file coords-v7.txt (compact mmCIF, C-alpha atoms)
# COMPACT_ATOMS: atom_id res chain seq x y z
CA MET J 1 151.09 121.60 55.09
CA PHE J 2 148.92 123.87 52.95
CA LYS J 3 147.28 126.69 54.81
CA THR J 4 144.54 127.54 52.35
CA PRO J 5 142.59 125.80 49.60
CA VAL J 6 143.99 128.37 47.14
CA ARG J 7 147.57 127.35 47.93
CA ALA J 8 146.56 123.71 47.74
CA THR J 9 144.99 124.23 44.32
CA CYS J 10 148.08 126.10 43.12
CA LEU J 11 150.24 123.16 44.19
CA VAL J 12 148.03 120.73 42.26
CA LEU J 13 148.29 122.94 39.16
CA LEU J 14 152.06 123.19 39.61
CA PHE J 15 152.33 119.41 39.87
CA ALA J 16 150.03 118.98 36.88
CA SER J 17 152.15 121.33 34.77
CA HIS J 18 155.32 119.41 35.65
CA SER J 19 153.69 116.10 34.80
CA ALA J 20 153.54 117.19 31.17
CA PHE J 21 157.27 116.45 31.03
CA ALA J 22 156.96 113.07 32.69
CA GLU J 23 157.17 109.84 30.74
CA ALA J 24 153.70 108.78 29.55
CA PRO J 25 152.54 105.50 31.09
CA PRO J 26 151.93 102.54 28.75
CA SER J 27 148.29 102.40 27.72
CA ARG J 28 148.30 98.65 28.34
CA ILE J 29 150.40 96.35 30.51
CA ASP J 30 150.63 92.57 30.53
CA LEU J 31 149.54 91.66 34.04
CA SER J 32 150.68 88.05 33.57
CA LYS J 33 154.27 89.27 33.20
CA PHE J 34 153.94 91.44 36.22
CA PRO J 35 155.79 90.42 39.37
CA ALA J 36 153.54 88.06 41.31
CA THR J 37 151.22 89.87 43.65
CA ARG J 38 151.33 88.65 47.19
CA LEU J 39 148.12 88.07 49.11
CA ASP J 40 149.26 90.71 51.60
CA ASP J 41 149.26 93.31 48.83
CA VAL J 42 145.52 93.02 48.16
CA VAL J 43 143.77 96.20 49.31
CA VAL J 44 140.52 95.39 51.09
CA PRO J 45 138.12 98.31 50.59
CA LEU J 46 136.58 100.02 53.57
CA PRO J 47 132.82 99.66 54.19
CA SER J 48 132.39 103.39 53.57
CA GLU J 49 133.63 102.96 49.98
CA VAL J 50 130.62 100.69 49.32
CA PHE J 51 128.18 102.86 51.26
CA ASN J 52 129.47 105.90 49.40
CA VAL J 53 128.13 104.32 46.20
CA LEU J 54 124.91 103.19 47.84
CA ASP J 55 124.30 106.84 48.74
CA LYS J 56 124.11 107.53 45.02
CA LEU J 57 121.63 104.74 44.29
CA GLY J 58 118.59 106.57 45.59
CA THR J 59 116.96 106.44 48.99
CA PRO J 60 116.38 102.86 50.10
CA ASP J 61 114.54 102.04 53.32
CA TRP J 62 117.63 101.98 55.51
CA LYS J 63 115.64 101.71 58.75
CA GLY J 64 114.15 98.50 57.34
CA GLU J 65 117.66 97.12 56.86
CA LEU J 66 118.69 97.62 60.49
CA ARG J 67 118.81 94.55 62.70
CA PRO J 68 119.61 94.11 66.36
CA PRO J 69 122.76 92.00 66.67
CA ASP J 70 122.99 90.20 69.99
CA ILE J 71 126.50 90.78 71.21
CA LYS J 72 125.84 89.12 74.57
CA LYS J 73 126.32 85.70 72.99
CA ARG J 74 130.07 85.62 72.84
CA GLY J 75 132.16 82.54 72.25
CA ALA J 76 135.57 81.87 70.79
CA ARG J 77 137.80 84.74 69.70
CA ALA J 78 137.08 83.87 66.07
CA GLN J 79 133.36 84.44 66.64
CA ILE J 80 134.00 87.72 68.45
CA ALA J 81 136.22 88.92 65.59
CA LEU J 82 133.59 88.07 62.95
CA LEU J 83 130.87 89.67 65.11
CA LEU J 84 132.96 92.81 65.60
CA GLY J 85 133.30 93.24 61.84
CA SER J 86 129.60 92.64 61.36
CA VAL J 87 128.66 95.15 64.09
CA ILE J 88 130.91 97.82 62.55
CA ALA J 89 129.18 97.25 59.19
CA GLU J 90 125.86 97.58 61.03
CA GLY J 91 127.08 100.99 62.17
CA PHE J 92 127.15 102.11 58.54
CA VAL J 93 123.54 100.97 58.09
CA ALA J 94 122.56 102.93 61.20
CA VAL J 95 124.33 106.00 59.76
CA GLU J 96 122.38 105.63 56.50
CA ALA J 97 119.20 105.32 58.56
CA THR J 98 120.30 108.44 60.52
CA ASP J 99 119.40 106.51 63.68
CA LYS J 100 121.36 108.33 66.36
CA GLU J 101 120.48 106.01 69.24
CA ARG J 102 121.33 102.90 67.23
CA VAL J 103 124.68 104.41 66.21
CA LYS J 104 125.48 105.11 69.88
CA GLU J 105 124.51 101.55 70.86
CA ILE J 106 126.78 100.23 68.14
CA GLY J 107 129.63 102.41 69.40
CA ARG J 108 129.24 100.82 72.83
CA ASP J 109 128.95 97.31 71.29
CA VAL J 110 132.18 97.85 69.36
CA LEU J 111 133.95 98.73 72.60
CA GLN J 112 132.63 95.62 74.39
CA LEU J 113 133.59 93.30 71.55
CA ALA J 114 137.03 94.90 71.29
CA ARG J 115 137.43 94.21 75.01
CA GLY J 116 136.59 90.55 74.31
CA ILE J 117 139.63 90.21 72.05
CA GLY J 118 141.98 92.42 74.03
CA VAL J 119 142.04 95.55 71.87
CA GLU J 120 139.71 97.75 73.91
CA LYS J 121 142.25 100.53 74.50
CA THR J 122 142.87 100.80 70.77
CA VAL J 123 139.27 101.69 69.94
CA LEU J 124 138.33 103.66 73.05
CA SER J 125 138.94 107.05 71.48
CA ARG J 126 137.14 105.97 68.29
CA THR J 127 134.06 104.74 70.15
CA ASN J 128 133.95 107.93 72.22
CA ALA J 129 134.18 109.91 69.00
CA ILE J 130 131.31 107.87 67.49
CA LEU J 131 129.07 108.87 70.43
CA ILE J 132 130.05 112.55 70.12
CA ARG J 133 129.65 112.68 66.31
CA ALA J 134 126.27 110.93 66.57
CA ASP J 135 125.09 113.54 69.10
CA GLU J 136 126.22 116.23 66.66
CA ASN J 137 124.37 114.47 63.77
CA ASN J 138 127.74 114.48 62.03
CA TRP J 139 127.13 111.38 59.92
CA VAL J 140 130.22 111.80 57.77
CA GLY J 141 132.23 111.99 60.99
CA VAL J 142 130.60 108.82 62.35
CA ARG J 143 131.47 106.97 59.15
CA ARG J 144 135.05 108.15 59.43
CA GLU J 145 135.28 106.91 63.03
CA LEU J 146 133.74 103.54 62.11
CA ASP J 147 136.27 103.13 59.30
CA GLY J 148 138.98 104.18 61.75
CA ALA J 149 137.78 101.70 64.38
CA LEU J 150 137.98 98.89 61.83
CA SER J 151 141.50 99.90 60.77
CA ASP J 152 142.70 100.40 64.35
CA VAL J 153 141.39 97.02 65.50
CA LYS J 154 143.09 95.28 62.58
CA LYS J 155 146.40 97.09 63.17
CA ALA J 156 146.28 96.25 66.89
CA MET J 157 145.67 92.58 66.14
CA ILE J 158 148.54 92.46 63.69
CA GLU J 159 150.77 94.04 66.35
CA LEU J 160 149.56 91.34 68.76
CA LYS J 161 150.64 88.75 66.15
CA ASP J 162 146.98 87.87 65.63
CA ALA J 163 146.62 88.78 61.95
CA GLN J 164 144.21 85.89 61.40
CA LEU J 165 141.66 87.50 63.69
CA ALA J 166 142.17 90.79 61.84
CA HIS J 167 141.14 89.02 58.62
CA LEU J 168 138.04 87.66 60.35
CA VAL J 169 137.05 91.20 61.40
CA SER J 170 137.29 92.31 57.75
CA LEU J 171 135.36 89.25 56.64
CA GLY J 172 132.58 89.83 59.20
CA GLY J 173 132.23 93.37 57.87
CA TRP J 174 132.18 92.20 54.26
CA LEU J 175 129.52 89.58 54.98
CA ARG J 176 127.13 91.99 56.70
CA GLY J 177 127.87 94.67 54.09
CA THR J 178 127.12 92.21 51.28
CA GLU J 179 123.91 91.08 52.99
CA VAL J 180 122.69 94.68 53.12
CA LEU J 181 123.88 95.45 49.60
CA THR J 182 122.05 92.44 48.12
CA SER J 183 118.92 93.26 50.12
CA ILE J 184 118.82 96.78 48.70
CA VAL J 185 119.74 95.77 45.15
CA GLY J 186 117.26 92.88 45.30
CA LYS J 187 114.37 95.17 46.25
CA SER J 188 115.00 97.42 43.29
CA TYR J 189 117.17 95.52 40.82
CA SER J 190 119.25 97.50 38.38
CA PRO J 191 122.36 96.47 36.44
CA ASP J 192 124.25 99.36 38.10
CA GLY J 193 123.29 98.12 41.55
CA ALA J 194 124.15 94.51 40.71
CA ASP J 195 127.50 95.66 39.34
CA LEU J 196 128.51 96.52 42.91
CA LEU J 197 128.67 92.78 43.59
CA ASN J 198 131.36 92.28 40.98
CA GLN J 199 134.00 91.47 43.60
CA PRO J 200 135.38 88.04 42.59
CA ASP J 201 138.99 88.81 43.54
CA LEU J 202 138.02 90.16 46.91
CA LEU J 203 135.98 87.02 47.57
CA ARG J 204 138.92 84.87 46.44
CA TYR J 205 141.14 86.83 48.82
CA PHE J 206 138.85 86.05 51.77
CA GLN J 207 138.59 82.39 50.74
CA GLN J 208 142.37 82.11 50.57
CA ARG J 209 142.75 83.81 53.94
CA LEU J 210 140.50 81.15 55.50
CA VAL J 211 142.43 78.35 53.80
CA ASP J 212 145.69 79.79 55.19
CA MET J 213 144.40 79.99 58.77
CA PRO J 214 146.05 77.74 61.34
CA PRO J 215 144.16 74.50 62.13
CA ARG J 216 143.04 75.76 65.56
CA ILE J 217 140.96 78.47 63.83
CA ARG J 218 139.94 76.45 60.77
CA SER J 219 138.56 73.71 63.01
CA ASN J 220 136.16 76.20 64.60
CA ALA J 221 132.67 75.16 63.41
CA LEU J 222 131.61 78.76 62.76
CA VAL J 223 134.70 79.45 60.64
CA GLY J 224 133.92 76.26 58.70
CA ARG J 225 130.35 77.51 58.19
CA VAL J 226 131.68 80.82 56.86
CA GLN J 227 134.07 79.01 54.53
CA ARG J 228 131.27 76.87 53.06
CA GLY J 229 129.16 79.99 52.58
CA LEU J 230 131.93 81.76 50.65
CA ASP J 231 132.35 78.66 48.47
CA GLU J 232 128.62 78.83 47.69
CA ILE J 233 128.78 82.53 46.83
CA SER J 234 131.83 82.16 44.60
CA PRO J 235 130.14 80.72 41.45
CA LEU J 236 127.33 83.28 41.76
CA ILE J 237 129.79 86.18 41.73
CA HIS J 238 131.90 84.73 38.91
CA GLN J 239 129.07 84.98 36.38
CA LYS J 240 126.59 87.62 35.21
CA ILE J 241 124.80 88.79 38.32
CA THR J 242 121.05 88.28 37.88
CA PRO J 243 118.13 89.10 40.21
CA ALA J 244 118.10 85.41 41.19
CA SER J 245 121.80 85.39 42.10
CA VAL J 246 121.39 88.61 44.10
CA ARG J 247 118.58 86.92 46.04
CA ARG J 248 120.67 83.81 46.64
CA ILE J 249 123.74 85.76 47.80
CA ASN J 250 121.45 87.64 50.18
CA GLU J 251 120.15 84.35 51.62
CA ILE J 252 123.63 82.91 52.06
CA THR J 253 125.14 86.01 53.66
CA GLY J 254 122.04 86.42 55.85
CA GLU J 255 122.40 82.86 57.13
CA ILE J 256 126.09 83.34 57.87
CA VAL J 257 125.52 86.64 59.67
CA ARG J 258 122.82 85.00 61.81
CA ALA J 259 125.21 82.14 62.56
CA ILE J 260 127.85 84.66 63.64
CA ASP J 261 125.27 86.27 65.97
CA THR J 262 123.96 83.08 67.51
CA ASP J 263 126.54 80.33 67.05
CA ALA J 264 128.60 81.73 69.89
CA HIS J 265 129.90 78.50 71.30
CA ALA J 266 130.52 76.61 68.08
CA MET H 1 183.42 95.89 77.22
CA ARG H 2 180.57 97.94 78.60
CA ARG H 3 181.60 100.82 76.32
CA LEU H 4 181.60 98.47 73.28
CA GLY H 5 178.10 97.26 74.20
CA ALA H 6 176.90 100.83 74.48
CA LEU H 7 178.38 101.63 71.07
CA VAL H 8 176.72 98.61 69.45
CA PHE H 9 173.41 99.55 71.08
CA LEU H 10 173.78 103.13 69.89
CA SER H 11 174.60 102.03 66.32
CA VAL H 12 171.62 99.66 66.18
CA SER H 13 169.36 102.39 67.58
CA VAL H 14 170.55 104.89 64.98
CA VAL H 15 170.03 102.39 62.13
CA LEU H 16 166.54 101.46 63.38
CA ALA H 17 165.61 105.09 63.96
CA SER H 18 166.71 106.09 60.45
CA ALA H 19 164.80 103.15 58.91
CA PHE H 20 161.60 104.20 60.67
CA ALA H 21 162.25 107.83 59.83
CA THR H 22 162.55 106.88 56.14
CA VAL H 23 159.19 105.10 56.09
CA ASP H 24 157.56 107.83 58.15
CA ASP H 25 158.96 110.48 55.83
CA ALA H 26 157.63 108.67 52.77
CA ILE H 27 154.20 108.47 54.41
CA SER H 28 154.38 112.18 55.22
CA ARG H 29 155.15 112.92 51.57
CA ALA H 30 152.23 110.79 50.38
CA LEU H 31 149.91 112.55 52.82
CA GLU H 32 151.26 115.89 51.64
CA ALA H 33 150.43 114.93 48.05
CA ILE H 34 146.87 113.94 48.94
CA ASP H 35 146.13 116.92 51.16
CA PRO H 36 144.78 119.18 48.37
CA TYR H 37 142.21 116.53 47.46
CA VAL H 38 141.08 116.17 51.07
CA LYS H 39 140.36 119.90 50.93
CA GLN H 40 138.25 119.20 47.83
CA GLY H 41 136.02 116.81 49.78
CA TYR H 42 137.78 113.50 49.24
CA VAL H 43 137.88 111.22 52.29
CA VAL H 44 141.38 109.92 52.91
CA ARG H 45 141.70 106.38 54.18
CA ASP H 46 143.62 106.11 57.43
CA ASP H 47 145.92 103.36 56.12
CA GLN H 48 149.18 103.47 54.22
CA TRP H 49 150.99 101.06 51.93
CA GLY H 50 154.70 101.20 51.31
CA GLY H 51 158.10 99.65 51.20
CA ASP H 52 161.21 100.09 49.10
CA LEU H 53 161.86 99.58 45.40
CA GLY H 54 164.92 99.54 43.16
CA VAL H 55 165.19 101.87 40.16
CA ARG H 56 162.65 100.94 37.40
CA GLU H 57 161.12 98.40 39.75
CA GLN H 58 157.32 98.26 39.91
CA LYS H 59 154.79 96.90 42.33
CA ALA H 60 151.08 96.31 41.79
CA PHE H 61 148.29 96.37 44.34
CA PRO H 62 145.01 94.69 43.38
CA HIS H 63 142.12 96.74 44.70
CA THR H 64 138.36 96.40 44.27
CA LEU H 65 137.06 99.80 43.19
CA PHE H 66 133.36 100.61 43.09
CA LYS H 67 131.60 102.09 40.08
CA GLY H 68 130.74 105.73 40.67
CA ASN H 69 133.43 106.34 43.30
CA ASP H 70 136.06 108.93 42.45
CA TYR H 71 139.53 107.97 43.74
CA TRP H 72 142.89 109.72 44.07
CA PHE H 73 145.91 107.51 44.72
CA CYS H 74 148.96 109.45 45.90
CA MET H 75 152.53 108.31 46.35
CA GLY H 76 155.49 109.90 48.08
CA THR H 77 159.12 109.18 48.79
CA ASP H 78 161.64 110.68 51.16
CA ALA H 79 164.50 110.32 48.63
CA ASP H 80 165.74 113.64 47.29
CA ASN H 81 166.01 113.78 43.49
CA ALA H 82 164.00 110.58 43.08
CA GLN H 83 161.27 110.31 40.46
CA ILE H 84 158.29 108.12 41.14
CA SER H 85 155.04 107.33 39.37
CA ILE H 86 151.66 105.77 40.11
CA HIS H 87 149.08 104.58 37.57
CA VAL H 88 145.81 102.67 37.58
CA TYR H 89 145.04 99.72 35.27
CA ASP H 90 141.95 97.53 35.00
CA SER H 91 141.95 93.75 35.32
CA ARG H 92 142.84 93.41 31.61
CA GLY H 93 145.89 95.63 31.97
CA LYS H 94 144.34 98.68 30.31
CA LEU H 95 145.25 102.12 31.63
CA VAL H 96 142.01 103.53 33.05
CA GLU H 97 143.03 106.57 35.07
CA ASN H 98 141.31 109.86 34.29
CA SER H 99 144.44 111.87 35.06
CA SER H 100 147.81 111.55 36.69
CA TRP H 101 150.82 113.65 37.54
CA GLN H 102 154.42 113.17 38.68
CA LYS H 103 156.65 115.68 40.34
CA GLY H 104 159.85 114.22 41.73
CA ARG H 105 159.09 112.90 45.17
CA PHE H 106 155.33 113.05 44.60
CA ALA H 107 153.00 111.31 42.16
CA ALA H 108 149.25 110.79 41.91
CA ALA H 109 146.58 109.22 39.73
CA ARG H 110 142.85 109.79 39.65
CA VAL H 111 140.27 107.25 38.54
CA ILE H 112 136.50 107.44 38.46
CA ALA H 113 135.79 103.73 38.43
CA PRO H 114 133.83 102.95 35.23
CA THR H 115 132.70 99.58 36.61
CA THR H 116 133.01 97.75 39.88
CA GLY H 117 135.84 95.24 39.84
CA THR H 118 139.52 94.63 40.41
CA TYR H 119 141.97 97.33 39.41
CA TYR H 120 145.74 97.39 39.74
CA ILE H 121 147.49 100.33 41.33
CA VAL H 122 151.01 100.22 39.87
CA VAL H 123 153.77 102.14 41.64
CA GLU H 124 157.26 102.64 40.27
CA VAL H 125 160.53 104.28 41.21
CA ALA H 126 161.52 105.71 37.82
CA ASN H 127 164.79 107.22 38.96
CA SER H 128 166.65 107.56 42.21
CA PRO H 129 170.14 108.24 43.52
CA GLN H 130 169.58 105.41 46.00
CA GLU H 131 169.78 101.69 45.33
CA ARG H 132 166.54 101.10 47.20
CA THR H 133 164.03 103.91 47.58
CA SER H 134 161.43 104.05 50.32
CA TRP H 135 157.95 104.98 49.17
CA ALA H 136 154.42 105.13 50.55
CA MET H 137 150.94 105.25 49.04
CA VAL H 138 147.68 106.59 50.40
CA TYR H 139 144.32 107.06 48.75
CA ALA H 140 141.15 109.07 49.09
CA TYR H 141 137.69 108.79 47.57
CA LYS H 142 134.37 110.55 47.25
call {"tool": "encode", "arguments": {"input": "coords-v7.txt", "output": "structure tokens"}}
result
Amino acid sequence: MFKTPVRATCLVLLFASHSAFAEAPPSRIDLSKFPATRLDDVVVPLPSEVFNVLDKLGTPDWKGELRPPDIKKRGARAQIALLLGSVIAEGFVAVEATDKERVKEIGRDVLQLARGIGVEKTVLSRTNAILIRADENNWVGVRRELDGALSDVKKAMIELKDAQLAHLVSLGGWLRGTEVLTSIVGKSYSPDGADLLNQPDLLRYFQQRLVDMPPRIRSNALVGRVQRGLDEISPLIHQKITPASVRRINEITGEIVRAIDTDAHA
Amino acid sequence: MRRLGALVFLSVSVVLASAFATVDDAISRALEAIDPYVKQGYVVRDDQWGGDLGVREQKAFPHTLFKGNDYWFCMGTDADNAQISIHVYDSRGKLVENSSWQKGRFAAARVIAPTTGTYYIVVEVANSPQERTSWAMVYAYK
């Protein structure tokens, strides 16, 4: 471990000087000849990576983007997993809105939903930390804990041999995140903002994950609704993203997120 | 018989313990490599990727990067005298990293994503005294 930033910087410089002797990487590689990439190797970005960029896009009306998810309507585990992801994404919106009380509510909601799928203990320390960081107005810290809660829940589910639910948590977060992103970009369209939606491979990854789910999950009406929504979004993301396509993606993701909130017993 | 069972159990435990230690050590190295950037304000993701690779063997991770974000991808291995590398390519296979470095058991690449889209993080064990070399990757962004 480095004790001071000076030592850390020295180490970086030392590494950099050694790299001069390393073999230069090819400036171009043929990806088609590359060993096939497994679905498991796809890195799903964290919500904070998207919100980090949104920070740089000006000062949207974040309070206007907040919505009150109703976590009392809880149904099948698939719905709870999707809702958990969506609520964690909502936490990021509350952070942007610097709404301390909403952040604390979301921390408590995350704990309740985690209890609903048997991973309460895993997130307890995270949700406690969310409440403390919110009281301190430490918004960077809250973001870190929300990211951590998402990762911890997914790891716990994988350990419980429930990786499918872990994918649904990620998907719930992506859907709510995309709804917010398209709302903000739609209100003040710019090519830079629209460029953030250029995520065709990530969308394909989620679509494939749903296809690979066992029949007991795929037969869930809500999961089917989500799958149809992703299929509708796909052609919109695979072409030049226009103000009209931003609007349409916002409508589709908004409908799905509402279905996740309300379609508890589907 | 009981003694034989105990020996088998002990052997299995030692093998398992060393396997976990190897992965854990590689993760520690990767975290060590990224630590200076954390001190520069990068937020490190609390997840790790890893496995083992043969000499000159590569592995690619597709990752959606967002325009405007500044990323450091760091790799580490526990193998003494191994040389590893990590580089970032865009979806057309073009090298897009802004800088990179390699130093034996550590390697890193930085990219400020020029557009939002899929990028490939390519890791390689360039040289190693071991047939299979454990490695781990972490990343940070700001």
call {"tool": "residues_around", "arguments": {"input": "coords-v7.txt", "residues": "range 90-94 of chain H", "least_positions_apart": "4", "cutoff": "7 Å", "atoms": "all atoms listed in the file", "output": "list in words"}}
result
Ser27, Arg28, Ile29, Asp30 and Leu31 of chain J; Thr118, Tyr119 and Tyr120 of chain H
call {"tool": "residues_around", "arguments": {"input": "coords-v7.txt", "residues": "Leu66 in chain J", "least_positions_apart": "3", "cutoff": "8 Å", "atoms": "only C-alpha atoms", "output": "ChimeraX atom specification"}}
result
/J:62-63,90,93-94,97
call {"tool": "residues_around", "arguments": {"input": "coords-v7.txt", "residues": "range 200-211 of chain J", "least_positions_apart": "5", "cutoff": "10 Å", "atoms": "all atoms listed in the file", "output": "tab-separated table (two decimals) with C-alpha atoms, in the frame of the given file"}}
result
chain	number	residue	atom	x	y	z
J	39	LEU	CA	148.12	88.07	49.11
J	40	ASP	CA	149.26	90.71	51.60
J	42	VAL	CA	145.52	93.02	48.16
J	43	VAL	CA	143.77	96.20	49.31
J	44	VAL	CA	140.52	95.39	51.09
J	45	PRO	CA	138.12	98.31	50.59
J	164	GLN	CA	144.21	85.89	61.40
J	167	HIS	CA	141.14	89.02	58.62
J	168	LEU	CA	138.04	87.66	60.35
J	170	SER	CA	137.29	92.31	57.75
J	171	LEU	CA	135.36	89.25	56.64
J	174	TRP	CA	132.18	92.20	54.26
J	217	ILE	CA	140.96	78.47	63.83
J	218	ARG	CA	139.94	76.45	60.77
J	223	VAL	CA	134.70	79.45	60.64
J	224	GLY	CA	133.92	76.26	58.70
J	226	VAL	CA	131.68	80.82	56.86
J	227	GLN	CA	134.07	79.01	54.53
J	228	ARG	CA	131.27	76.87	53.06
J	229	GLY	CA	129.16	79.99	52.58
J	230	LEU	CA	131.93	81.76	50.65
J	231	ASP	CA	132.35	78.66	48.47
J	233	ILE	CA	128.78	82.53	46.83
J	234	SER	CA	131.83	82.16	44.60
J	235	PRO	CA	130.14	80.72	41.45
J	236	LEU	CA	127.33	83.28	41.76
J	237	ILE	CA	129.79	86.18	41.73
J	238	HIS	CA	131.90	84.73	38.91
J	239	GLN	CA	129.07	84.98	36.38
H	62	PRO	CA	145.01	94.69	43.38
H	63	HIS	CA	142.12	96.74	44.70
H	64	THR	CA	138.36	96.40	44.27
H	117	GLY	CA	135.84	95.24	39.84
H	118	THR	CA	139.52	94.63	40.41
H	119	TYR	CA	141.97	97.33	39.41
call {"tool": "axis_aligned_box", "arguments": {"input": "coords-v7.txt", "around": "range 36-45 of chain H", "padding_each_side": "3 Å", "output": "AutoDock Vina command-line options"}}
result
--center_x 140.4 --center_y 113.1 --center_z 50.8 --size_x 14.8 --size_y 19.5 --size_z 12.7
call {"tool": "residues_near_point", "arguments": {"input": "coords-v7.txt", "point": "(134.1, 106.0, 37.8)", "cutoff": "6 Å", "atoms": "only C-alpha atoms", "output": "PyMOL selection string"}}
result
chain H and resi 67-70+112-114
call {"tool": "interface_residues", "arguments": {"input": "coords-v7.txt", "of": "chain H", "to": "chain J", "cutoff": "9 Å", "atoms": "all atoms listed in the file", "output": "PyMOL selection string"}}
result
chain H and resi 32-33+35-37+39-40+43+45-47+49+58-69+85+87+89+91-96+100-103+106-107+115-118+120+141-142
call {"tool": "atom_distance", "arguments": {"input": "coords-v7.txt", "atom1": "CA of Ala129 in chain J", "atom2": "CA of Ser86 in chain J"}}
result
19.4 Å
call {"tool": "atom_distance", "arguments": {"input": "coords-v7.txt", "atom1": "CA of Arg74 in chain J", "atom2": "CA of Gly116 in chain J"}}
result
8.3 Å
call {"tool": "residues_around", "arguments": {"input": "coords-v7.txt", "residues": "range 159-162 of chain J", "least_positions_apart": "4", "cutoff": "12 Å", "atoms": "only C-alpha atoms", "output": "PyMOL selection string"}}
result
chain J and resi 77-78+81+117-119+122+152-155+166-169+213-214+217
call {"tool": "atom_distance", "arguments": {"input": "coords-v7.txt", "atom1": "CA of Ile184 in chain J", "atom2": "CA of Gly91 in chain J"}}
result
16.4 Å
call {"tool": "closest_residue", "arguments": {"input": "coords-v7.txt", "among": "H:Gln48, H:Asp24, H:Thr77, H:Ala30", "to": "Ser134 in chain H", "atoms": "only C-alpha atoms"}}
result
H:Thr77
call {"tool": "residues_around", "arguments": {"input": "coords-v7.txt", "residues": "Asp80 in chain H", "least_positions_apart": "4", "cutoff": "8 Å", "atoms": "only C-alpha atoms", "output": "MDAnalysis selection string"}}
result
chainID H and resid 105 128:129
call {"tool": "build_atoms", "arguments": {"input": "coords-v7.txt", "residues": "range 82-97 of chain H", "atoms": "N, CA and C atoms", "output": "compact mmCIF listing (two decimals), in the frame of the given file"}}
result
# COMPACT_ATOMS: atom_id res chain seq x y z
N ALA H 82 164.61 111.79 43.64
CA ALA H 82 164.00 110.58 43.08
C ALA H 82 162.80 110.97 42.22
N GLN H 83 162.48 110.10 41.26
CA GLN H 83 161.27 110.31 40.46
C GLN H 83 160.42 109.06 40.58
N ILE H 84 159.18 109.27 40.93
CA ILE H 84 158.29 108.12 41.14
C ILE H 84 157.03 108.30 40.30
N SER H 85 156.30 107.21 40.11
CA SER H 85 155.04 107.33 39.37
C SER H 85 154.02 106.33 39.92
N ILE H 86 152.76 106.65 39.70
CA ILE H 86 151.66 105.77 40.11
C ILE H 86 150.60 105.83 39.03
N HIS H 87 150.10 104.65 38.63
CA HIS H 87 149.08 104.58 37.57
C HIS H 87 148.06 103.50 37.90
N VAL H 88 146.90 103.61 37.27
CA VAL H 88 145.81 102.67 37.58
C VAL H 88 145.41 101.92 36.30
N TYR H 89 145.40 100.59 36.40
CA TYR H 89 145.04 99.72 35.27
C TYR H 89 143.86 98.84 35.67
N ASP H 90 143.06 98.44 34.67
CA ASP H 90 141.95 97.53 35.00
C ASP H 90 142.45 96.09 34.98
N SER H 91 141.53 95.16 35.17
CA SER H 91 141.95 93.75 35.32
C SER H 91 142.46 93.15 34.00
N ARG H 92 142.28 93.88 32.88
CA ARG H 92 142.84 93.41 31.61
C ARG H 92 144.15 94.12 31.27
N GLY H 93 144.61 94.94 32.18
CA GLY H 93 145.89 95.63 31.97
C GLY H 93 145.77 96.92 31.19
N LYS H 94 144.54 97.45 31.06
CA LYS H 94 144.34 98.68 30.31
C LYS H 94 144.41 99.88 31.26
N LEU H 95 145.14 100.90 30.82
CA LEU H 95 145.25 102.12 31.63
C LEU H 95 143.88 102.79 31.71
N VAL H 96 143.39 103.02 32.92
CA VAL H 96 142.01 103.53 33.05
C VAL H 96 141.94 104.86 33.81
N GLU H 97 143.08 105.35 34.25
CA GLU H 97 143.03 106.57 35.07
C GLU H 97 142.50 107.75 34.26
